[in-house]
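Report on the following structure.
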Amino acid sequence: MFNEQSFEVFEVAGLEERMAAIRQEIQPTFQQLLETLVNEKLFIHIAQHRRRTTYPPENTWSALSRQKRGYKMESHFQLGIGGEYVFMWLACIDQPKNEREIAQLLLENQAVFEDLSPDFVLSGDHTKSTVEKLSPETLQKLLIRFRDVKKGEFQIGRIIPKGDPLWKNPEAAQDFMSATYEKLAPIYQLANQANLLSVEN
């Protein structure tokens with residue numbers, strides 16, 4: 001489970017030094033947690049940051065996807081950590097296949113979001129750490145942008161801040177993560193229906 005040392009990784013200076021700390025402190029936690037958090041048969045992908053040549057990553061993440069060879073081509077689950085918080089997303093980023101169909105399907109079925117608790121948050125840009133509170137207005141705005149803007153993205157989930165008391169109770173933290181993905185599962189399933197609809201059409 002993540003702990004105080006996990007967040008301290010992002011204070012390590014230097015690309016190689018921080019990557020070594022990520023591999024030692026964080027990636028084993030990703031593997032262990034993802035094997036237990038989501039019941040559906042999905043493939044685990046852990047970011048390696050191989051394209052970086054100078055600056056150390058400000059956060060790192062892992063993903064669960066139906067695709068063995070990658071995860072960004074369709075909606076997927078993410079578990080990640082930066083210096084300020086751990087994030088758990090259902091993510092549609094980097095122009096996935098059928099993004100307009102996914103966005104339209106979610107817009108037409110916004111009732112699927114109604115069971116989410118007030119602590120769920122949204123993001124329209126995976127490169128920024130800022131999040132927005134979930135509300136009908138924000139949800140509508142982000143889904144329309146995801147549908148109509150080429151570089152639009154859509155992420156929904158929860159975060160656990162660095163100083164949250166949950167980190168003192170690893171079992172409770174894991175239960176919180178598991179509950180988050182369970183709540184996101186119906187939205188994930190709906191998003192993936194867009195791929196089936198595009199095949200049928």
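By order in the structure tokens, chains are A, B, ...; within a chain, residues start at 1; ligands start at 1, following the order shown.
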Distance table requested - stretch 59-114 of chain A against stretch 24-48 of chain A, cut-off 10 Å, only C-alpha atoms: one row per qualifying residue with the closest atom pair and its distance in Å to one decimal, ordered by chain and rising residue number, as a tab-separated table.
residue	atom	partner	partner_atom	distance
A:Thr60	CA	A:Ala47	CA	6.6
A:Trp61	CA	A:Ala47	CA	5.8
A:Ser62	CA	A:Ile46	CA	4.2
A:Ala63	CA	A:His45	CA	5.1
A:Leu64	CA	A:Ile44	CA	4.9
A:Ser65	CA	A:Phe43	CA	5.3
A:Arg66	CA	A:Leu42	CA	5.0
A:Gln67	CA	A:Phe43	CA	6.6
A:Lys68	CA	A:Phe43	CA	5.7
A:Arg69	CA	A:Phe43	CA	8.8
A:Gly70	CA	A:His45	CA	7.3
A:Tyr71	CA	A:His45	CA	7.4
A:His76	CA	A:Leu42	CA	9.4
A:Phe77	CA	A:Val38	CA	9.1
A:Gln78	CA	A:His45	CA	9.3
A:Leu79	CA	A:Phe30	CA	7.3
A:Gly80	CA	A:Phe30	CA	8.0
A:Ile81	CA	A:Ile26	CA	8.5
Could you save those same residues with N, CA and C atoms as a JSON list (two decimals), in the first residue's frame?
[["chain", "number", "residue", "atom", "x", "y", "z"],
["A", 60, "THR", "N", 3.23, 9.32, -11.61],
["A", 60, "THR", "CA", 3.35, 8.08, -12.35],
["A", 60, "THR", "C", 2.05, 7.31, -12.17],
["A", 61, "TRP", "N", 1.77, 6.39, -13.06],
["A", 61, "TRP", "CA", 0.46, 5.76, -13.06],
["A", 61, "TRP", "C", 0.54, 4.34, -13.62],
["A", 62, "SER", "N", -0.56, 3.65, -13.45],
["A", 62, "SER", "CA", -0.76, 2.32, -14.01],
["A", 62, "SER", "C", -2.17, 2.29, -14.57],
["A", 63, "ALA", "N", -2.45, 1.30, -15.39],
["A", 63, "ALA", "CA", -3.77, 1.23, -16.03],
["A", 63, "ALA", "C", -4.24, -0.20, -16.13],
["A", 64, "LEU", "N", -5.55, -0.36, -16.16],
["A", 64, "LEU", "CA", -6.20, -1.64, -16.43],
["A", 64, "LEU", "C", -7.00, -1.47, -17.71],
["A", 65, "SER", "N", -6.74, -2.35, -18.67],
["A", 65, "SER", "CA", -7.39, -2.23, -19.98],
["A", 65, "SER", "C", -7.75, -3.61, -20.50],
["A", 66, "ARG", "N", -8.75, -3.65, -21.37],
["A", 66, "ARG", "CA", -9.10, -4.90, -22.05],
["A", 66, "ARG", "C", -8.06, -5.28, -23.09],
["A", 67, "GLN", "N", -7.23, -4.32, -23.48],
["A", 67, "GLN", "CA", -6.25, -4.53, -24.54],
["A", 67, "GLN", "C", -4.89, -4.91, -23.96],
["A", 68, "LYS", "N", -4.32, -5.98, -24.46],
["A", 68, "LYS", "CA", -3.02, -6.43, -23.96],
["A", 68, "LYS", "C", -1.89, -5.52, -24.43],
["A", 69, "ARG", "N", -2.04, -4.90, -25.60],
["A", 69, "ARG", "CA", -0.93, -4.16, -26.21],
["A", 69, "ARG", "C", -0.93, -2.67, -25.87],
["A", 70, "GLY", "N", -1.89, -2.22, -25.10],
["A", 70, "GLY", "CA", -1.94, -0.81, -24.73],
["A", 70, "GLY", "C", -3.24, -0.48, -24.04],
["A", 71, "TYR", "N", -3.38, 0.78, -23.62],
["A", 71, "TYR", "CA", -4.58, 1.14, -22.87],
["A", 71, "TYR", "C", -5.23, 2.43, -23.35],
["A", 76, "HIS", "N", -10.35, 3.23, -19.92],
["A", 76, "HIS", "CA", -9.61, 2.32, -19.06],
["A", 76, "HIS", "C", -9.59, 2.86, -17.64],
["A", 77, "PHE", "N", -9.23, 1.99, -16.71],
["A", 77, "PHE", "CA", -9.06, 2.41, -15.32],
["A", 77, "PHE", "C", -7.61, 2.81, -15.10],
["A", 78, "GLN", "N", -7.40, 3.85, -14.29],
["A", 78, "GLN", "CA", -6.06, 4.26, -13.91],
["A", 78, "GLN", "C", -5.92, 4.32, -12.40],
["A", 79, "LEU", "N", -4.73, 3.95, -11.94],
["A", 79, "LEU", "CA", -4.33, 4.16, -10.55],
["A", 79, "LEU", "C", -2.98, 4.85, -10.60],
["A", 80, "GLY", "N", -2.87, 6.03, -9.99],
["A", 80, "GLY", "CA", -1.62, 6.77, -10.09],
["A", 80, "GLY", "C", -1.34, 7.56, -8.83],
["A", 81, "ILE", "N", -0.13, 8.12, -8.80],
["A", 81, "ILE", "CA", 0.30, 8.89, -7.64],
["A", 81, "ILE", "C", 1.24, 10.01, -8.07]]
Could you name the residues that touch stretch 92-99 of chain A at 9 Å or less, counting only C-alpha atoms, but leaving out those on the same chain fewer than 3 positions away, as a PyMOL selection string? chain A and resi 72-76+102-104+124-126+146-147+150-155+194-195+198
Using DSSP on the backbone, list every residue of stretch 23-180 of chain A that comes out as strand (DSSP E or B), and give them as a ChimeraX atom specification. /A:43-46,59-65,76-82,85-92,121-123,132-133,154-161
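Within stretch 128-165 of chain A, residues classed as helix (DSSP H, G or I) by DSSP on backbone coordinates are Pro136, Glu137, Thr138, Leu139, Gln140, Lys141, Leu142, Leu143, Ile144, Arg145, Phe146, Arg147, Asp148 and Pro165 of chain A.
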So that I can see what lies close to A:Ser123, please list as a PyMOL selection string the residues with an atom at most 10 Å from it, counting only C-alpha atoms and leaving out residues fewer than 5 positions away in the same chain. chain A and resi 89+91+128-134+138-139+142+153-157
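Nearest residue to A:Thr53 among A:Val12, A:Ser135, A:Met19, A:Phe176 is A:Met19, counting only C-alpha atoms.
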Between atom CA of A:Ala173 and atom CA of A:Pro56, what is the distance, to one decimal in Å? 27.2 Å
Residues near A:Lys162, anyone? I mean within 10 Å using only C-alpha atoms, not counting same-chain ones fewer than 5 positions away, as a list in words. Phe2, Asn3, Glu4, Ser6, Phe7, Glu8, Ile81, Gly82, Gly83, Glu84, Tyr85, Val86 and Trp167 of chain A
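Residues with any atom within 12 Å of A:Lys183, counting only C-alpha atoms and excluding same-chain neighbours fewer than 4 positions away, are Val38, Phe77, Met88, Trp89, Leu90, Val112, Phe113, Glu114, Asp115, Leu116, Ser117, Phe120, Ile156, Gly157, Arg158, Phe176, Met177, Ser178, Ala179, Ile187, Tyr188 and Gln189 of chain A.
For the set A:Thr54, A:Thr127, A:Gln5, A:Gln110, the residue with the smallest atom-to-atom gap to A:Ala21 is A:Gln5, counting only C-alpha atoms.
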